[in-house]
Amino acid sequence: MPVEIEFAPHPGGSYDVSLSTAQVEGFRRDGFTHVDRITTDEELDWLGVVYDAFFDSRSGAFEGGYFDLARPYDAEGQDVLPQVLNPERLLPQLRDTICYRNANRLAAQLLGADLRALTGWGHMIRKPPLVGHETPWHQDEAYWDVDYDFCAVGVWMPLDVATVESGCMQFIPGSHQGEVLPHRHIGDDPAVHGLYATDGVERARAVAVPLKPGGATMHHPRMLHYTAPNTTPNQRRAYANEFQLPPTRRAEPAHRPWIAEGQRERARRGLASS
Ligand code: NI
């Protein structure tokens, strides 16, 4: 549930970033690209305080807005892959940040779309030191509404050094060109939110994208991606924002039985089906 937290004023400032033609072409061909920096150190410091406050208080913007992606919704004890959904609903100012505005601009560039045509929503995923769980290979669209087709870009920014060992992004080039693969819930338990692709993942072709704090990857909603368990003594905080054009209604719903399975489980627990 939302908690009242007072934060210091945003530090202000600006940072300009755009993608080269080669990066845009690379994104279309491979399904992902990255920039070394998307915001300022001052904003990262400010955002880190906000981020830690949300996780320390286990704040959700709504019932079910905070949960562990890798354990059942009502699991007690140490979280291993906690997520805050829609943090902009906890702190609307997140939409006025340098990182958000730049992410929005880069997504528009990649989609060849007008900035104002895109809507965005965010989520924060934290990998605690040493126990941070892997985020198994998955496609983001596997989580989304089966009645729609999507044109979107996910922008993922670490607040800490992201290496293979702490859980940087890994991608399989070109995998965005296929369909959404069959997925199942982690541990084959529909009470666990996280999904994994059951088949068709060519792990040997994976490309890791280590980043410094404030860098960002961008990926297509069908891109297969993964982050490893955090085996380092440092936390790995990531702030991701998804930007999309208005989705278009499909003639027939996509066949993704794992979504209905998860919704039934959340309904049984009285949780929102985000
Ligand atoms: Ni994802």
# chains A, B, ... in the order shown; residues from 1 in each chain; ligands from 1
>>> residues_near_ligand(ligand="ligand 1", cutoff="8 Å", atoms="only C-alpha atoms and all ligand atoms", output="list in words")
Thr135, His138, Gln139, Asp140, His225 and Tyr226 of chain A
>>> residues_around(residues="Asp147 of chain A", least_positions_apart="4", cutoff="8 Å", atoms="only C-alpha atoms", output="ChimeraX atom specification")
/A:249-250,252-254
>>> closest_residue(among="A:Val35, A:His193, A:Ala22, A:Arg237", to="Gly64 of chain A", atoms="only C-alpha atoms")
A:His193
>>> residues_around(residues="Asp145 of chain A", least_positions_apart="2", cutoff="12 Å", atoms="only C-alpha atoms", output="list of chain:residue names")
A:Asp140, A:Glu141, A:Ala142, A:Tyr143, A:Asp147, A:Tyr148, A:Asp149, A:Phe150, A:Pro247, A:Thr248, A:Arg249, A:Arg250, A:Glu252, A:Pro253, A:Ala254, A:His255, A:Arg256, A:Pro257, A:Trp258, A:Ile259, A:Ala260, A:Gln263, A:Ser273, A:Ser274
>>> residues_around(residues="segment 158-166 of chain A", least_positions_apart="4", cutoff="6 Å", atoms="only C-alpha atoms", output="VMD selection string")
chain A and resid 210 to 214 230 to 232 236 to 238
>>> write_last_selection(atoms="C-alpha atoms", output="compact mmCIF listing (two decimals), in the first residue's frame")
# COMPACT_ATOMS: atom_id res chain seq x y z
CA PRO A 210 27.30 -4.83 -18.89
CA LEU A 211 26.56 -1.22 -17.96
CA LYS A 212 27.66 1.43 -15.52
CA PRO A 213 25.01 3.10 -13.36
CA GLY A 214 22.80 5.29 -15.52
CA ASN A 230 23.37 -11.68 -8.24
CA THR A 231 26.44 -13.39 -6.77
CA THR A 232 28.10 -10.08 -5.78
CA ARG A 236 21.64 -4.50 -8.37
CA ARG A 237 18.82 -2.01 -8.74
CA ALA A 238 17.15 -1.64 -12.12
>>> atom_distance(atom1="atom CA of Asp30 of chain A", atom2="atom CA of Arg101 of chain A")
24.2 Å
>>> residues_around(residues="Leu19 of chain A", least_positions_apart="5", cutoff="8 Å", atoms="only C-alpha atoms", output="PDB file with all heavy atoms, in the first residue's frame")
ATOM      1  N   VAL A  24      19.981   2.604 -34.410  1.00  0.00           N
ATOM      2  CA  VAL A  24      18.571   2.353 -34.757  1.00  0.00           C
ATOM      3  C   VAL A  24      18.482   1.134 -35.685  1.00  0.00           C
ATOM      4  O   VAL A  24      17.642   0.249 -35.500  1.00  0.00           O
ATOM      5  CB  VAL A  24      17.929   3.604 -35.411  1.00  0.00           C
ATOM      6  CG1 VAL A  24      16.522   3.286 -35.898  1.00  0.00           C
ATOM      7  CG2 VAL A  24      17.915   4.773 -34.429  1.00  0.00           C
ATOM      8  N   VAL A  35      22.736   2.500 -24.624  1.00  0.00           N
ATOM      9  CA  VAL A  35      23.539   3.727 -24.512  1.00  0.00           C
ATOM     10  C   VAL A  35      24.294   3.648 -23.188  1.00  0.00           C
ATOM     11  O   VAL A  35      23.828   3.028 -22.230  1.00  0.00           O
ATOM     12  CB  VAL A  35      22.672   5.010 -24.570  1.00  0.00           C
ATOM     13  CG1 VAL A  35      22.065   5.204 -25.952  1.00  0.00           C
ATOM     14  CG2 VAL A  35      21.600   5.013 -23.496  1.00  0.00           C
ATOM     15  N   LEU A 106      14.190   8.164 -26.706  1.00  0.00           N
ATOM     16  CA  LEU A 106      14.893   7.092 -27.430  1.00  0.00           C
ATOM     17  C   LEU A 106      13.902   6.056 -27.960  1.00  0.00           C
ATOM     18  O   LEU A 106      14.062   5.540 -29.061  1.00  0.00           O
ATOM     19  CB  LEU A 106      15.924   6.432 -26.518  1.00  0.00           C
ATOM     20  CG  LEU A 106      17.072   7.327 -26.026  1.00  0.00           C
ATOM     21  CD1 LEU A 106      18.033   6.520 -25.166  1.00  0.00           C
ATOM     22  CD2 LEU A 106      17.800   7.994 -27.178  1.00  0.00           C
ATOM     23  N   GLN A 109      12.378   7.385 -31.026  1.00  0.00           N
ATOM     24  CA  GLN A 109      13.325   7.299 -32.134  1.00  0.00           C
ATOM     25  C   GLN A 109      13.368   5.880 -32.704  1.00  0.00           C
ATOM     26  O   GLN A 109      13.358   5.674 -33.919  1.00  0.00           O
ATOM     27  CB  GLN A 109      14.707   7.721 -31.624  1.00  0.00           C
ATOM     28  CG  GLN A 109      15.618   8.265 -32.711  1.00  0.00           C
ATOM     29  CD  GLN A 109      17.038   8.536 -32.205  1.00  0.00           C
ATOM     30  OE1 GLN A 109      17.295   8.681 -31.010  1.00  0.00           O
ATOM     31  NE2 GLN A 109      17.962   8.608 -33.135  1.00  0.00           N
TER      32      GLN A 109
END
>>> atom_distance(atom1="atom CA of Gly200 of chain A", atom2="atom CA of His176 of chain A")
12.3 Å
>>> closest_residue(among="A:Lys127, A:Arg116, A:His185, A:Arg58", to="Pro233 of chain A", atoms="only C-alpha atoms")
A:Lys127
>>> residues_around(residues="Pro190 of chain A", least_positions_apart="6", cutoff="12 Å", atoms="only C-alpha atoms", output="VMD selection string")
chain A and resid 69 to 73 183 to 184 196 257 to 269
>>> write_last_selection(atoms="N, CA and C atoms", output="mmCIF file, in the first residue's frame")
data_model
loop_
_atom_site.group_PDB
_atom_site.id
_atom_site.type_symbol
_atom_site.label_atom_id
_atom_site.label_comp_id
_atom_site.auth_asym_id
_atom_site.auth_seq_id
_atom_site.Cartn_x
_atom_site.Cartn_y
_atom_site.Cartn_z
ATOM 1 N N LEU A 69 9.059 -11.489 -7.676
ATOM 2 C CA LEU A 69 8.815 -12.121 -8.982
ATOM 3 C C LEU A 69 9.125 -13.612 -8.991
ATOM 4 N N ALA A 70 9.958 -14.059 -8.062
ATOM 5 C CA ALA A 70 10.459 -15.431 -8.131
ATOM 6 C C ALA A 70 9.909 -16.331 -7.032
ATOM 7 N N ARG A 71 8.979 -15.777 -6.179
ATOM 8 C CA ARG A 71 8.390 -16.598 -5.114
ATOM 9 C C ARG A 71 6.885 -16.369 -5.103
ATOM 10 N N PRO A 72 6.112 -17.260 -4.487
ATOM 11 C CA PRO A 72 4.656 -17.061 -4.433
ATOM 12 C C PRO A 72 4.305 -15.706 -3.825
ATOM 13 N N TYR A 73 3.165 -15.147 -4.277
ATOM 14 C CA TYR A 73 2.781 -13.783 -3.885
ATOM 15 C C TYR A 73 2.803 -13.570 -2.372
ATOM 16 N N HIS A 183 5.494 -20.145 -22.538
ATOM 17 C CA HIS A 183 6.083 -19.782 -21.242
ATOM 18 C C HIS A 183 5.361 -20.526 -20.131
ATOM 19 N N ARG A 184 6.029 -20.635 -18.996
ATOM 20 C CA ARG A 184 5.408 -21.134 -17.777
ATOM 21 C C ARG A 184 5.872 -20.284 -16.602
ATOM 22 N N TYR A 196 9.064 -18.081 -17.484
ATOM 23 C CA TYR A 196 10.248 -18.483 -18.257
ATOM 24 C C TYR A 196 9.796 -19.159 -19.541
ATOM 25 N N PRO A 257 -1.935 -19.683 -22.454
ATOM 26 C CA PRO A 257 -2.692 -20.235 -21.324
ATOM 27 C C PRO A 257 -2.092 -19.886 -19.966
ATOM 28 N N TRP A 258 -0.763 -19.596 -19.936
ATOM 29 C CA TRP A 258 -0.141 -19.277 -18.645
ATOM 30 C C TRP A 258 -0.697 -17.968 -18.066
ATOM 31 N N ILE A 259 -1.201 -17.065 -18.929
ATOM 32 C CA ILE A 259 -1.738 -15.799 -18.428
ATOM 33 C C ILE A 259 -3.035 -16.052 -17.655
ATOM 34 N N ALA A 260 -3.937 -16.823 -18.246
ATOM 35 C CA ALA A 260 -5.204 -17.136 -17.561
ATOM 36 C C ALA A 260 -4.936 -17.862 -16.247
ATOM 37 N N GLU A 261 -3.949 -18.744 -16.279
ATOM 38 C CA GLU A 261 -3.579 -19.498 -15.077
ATOM 39 C C GLU A 261 -3.155 -18.545 -13.951
ATOM 40 N N GLY A 262 -2.308 -17.563 -14.301
ATOM 41 C CA GLY A 262 -1.826 -16.588 -13.321
ATOM 42 C C GLY A 262 -2.959 -15.687 -12.830
ATOM 43 N N GLN A 263 -3.848 -15.273 -13.763
ATOM 44 C CA GLN A 263 -4.968 -14.398 -13.372
ATOM 45 C C GLN A 263 -5.902 -15.103 -12.401
ATOM 46 N N ARG A 264 -6.153 -16.382 -12.668
ATOM 47 C CA ARG A 264 -7.017 -17.150 -11.744
ATOM 48 C C ARG A 264 -6.394 -17.180 -10.357
ATOM 49 N N GLU A 265 -5.088 -17.377 -10.316
ATOM 50 C CA GLU A 265 -4.403 -17.458 -9.029
ATOM 51 C C GLU A 265 -4.446 -16.117 -8.295
ATOM 52 N N ARG A 266 -4.238 -15.003 -9.045
ATOM 53 C CA ARG A 266 -4.277 -13.679 -8.398
ATOM 54 C C ARG A 266 -5.682 -13.345 -7.927
ATOM 55 N N ALA A 267 -6.696 -13.704 -8.737
ATOM 56 C CA ALA A 267 -8.091 -13.440 -8.337
ATOM 57 C C ALA A 267 -8.394 -14.176 -7.037
ATOM 58 N N ARG A 268 -7.901 -15.429 -6.953
ATOM 59 C CA ARG A 268 -8.130 -16.225 -5.751
ATOM 60 C C ARG A 268 -7.526 -15.532 -4.533
ATOM 61 N N ARG A 269 -6.460 -14.774 -4.765
ATOM 62 C CA ARG A 269 -5.788 -14.092 -3.657
ATOM 63 C C ARG A 269 -6.220 -12.626 -3.521
#
>>> closest_residue(among="A:Leu91, A:Ala216, A:Cys99, A:Ala204", to="His34 of chain A", atoms="only C-alpha atoms")
A:Ala216
>>> closest_atom_pairs(of="segment 185-261 of chain A", to="segment 167-175 of chain A", cutoff="8 Å", atoms="only C-alpha atoms", output="tab-separated table")
residue	atom	partner	partner_atom	distance
A:Glu202	CA	A:Ile172	CA	7.3
A:Arg203	CA	A:Ile172	CA	7.4
A:Arg205	CA	A:Ile172	CA	5.9
A:Ala206	CA	A:Ile172	CA	4.7
A:Val207	CA	A:Phe171	CA	5.3
A:Ala208	CA	A:Gln170	CA	4.2
A:Val209	CA	A:Met169	CA	5.6
A:Pro210	CA	A:Cys168	CA	5.5
A:Leu211	CA	A:Cys168	CA	7.1
A:Thr217	CA	A:Met169	CA	7.7
A:Arg222	CA	A:Ser175	CA	7.0
A:Met223	CA	A:Ser175	CA	5.4
A:Leu224	CA	A:Ile172	CA	5.8
A:His225	CA	A:Phe171	CA	4.6
A:Tyr226	CA	A:Gln170	CA	5.1
A:Thr227	CA	A:Gly167	CA	4.7
A:Ala228	CA	A:Gly167	CA	4.7
A:Pro229	CA	A:Gly167	CA	6.0
A:Asn230	CA	A:Gly167	CA	5.6
A:Arg236	CA	A:Gly167	CA	6.9
>>> select_by_dssp(residues="segment 11-249 of chain A", states="helix (DSSP H, G or I)", output="ChimeraX atom specification")
/A:21-30,41-56,87-89,92-96,98-111,115-117,140-143,175-177,186-188,203-205
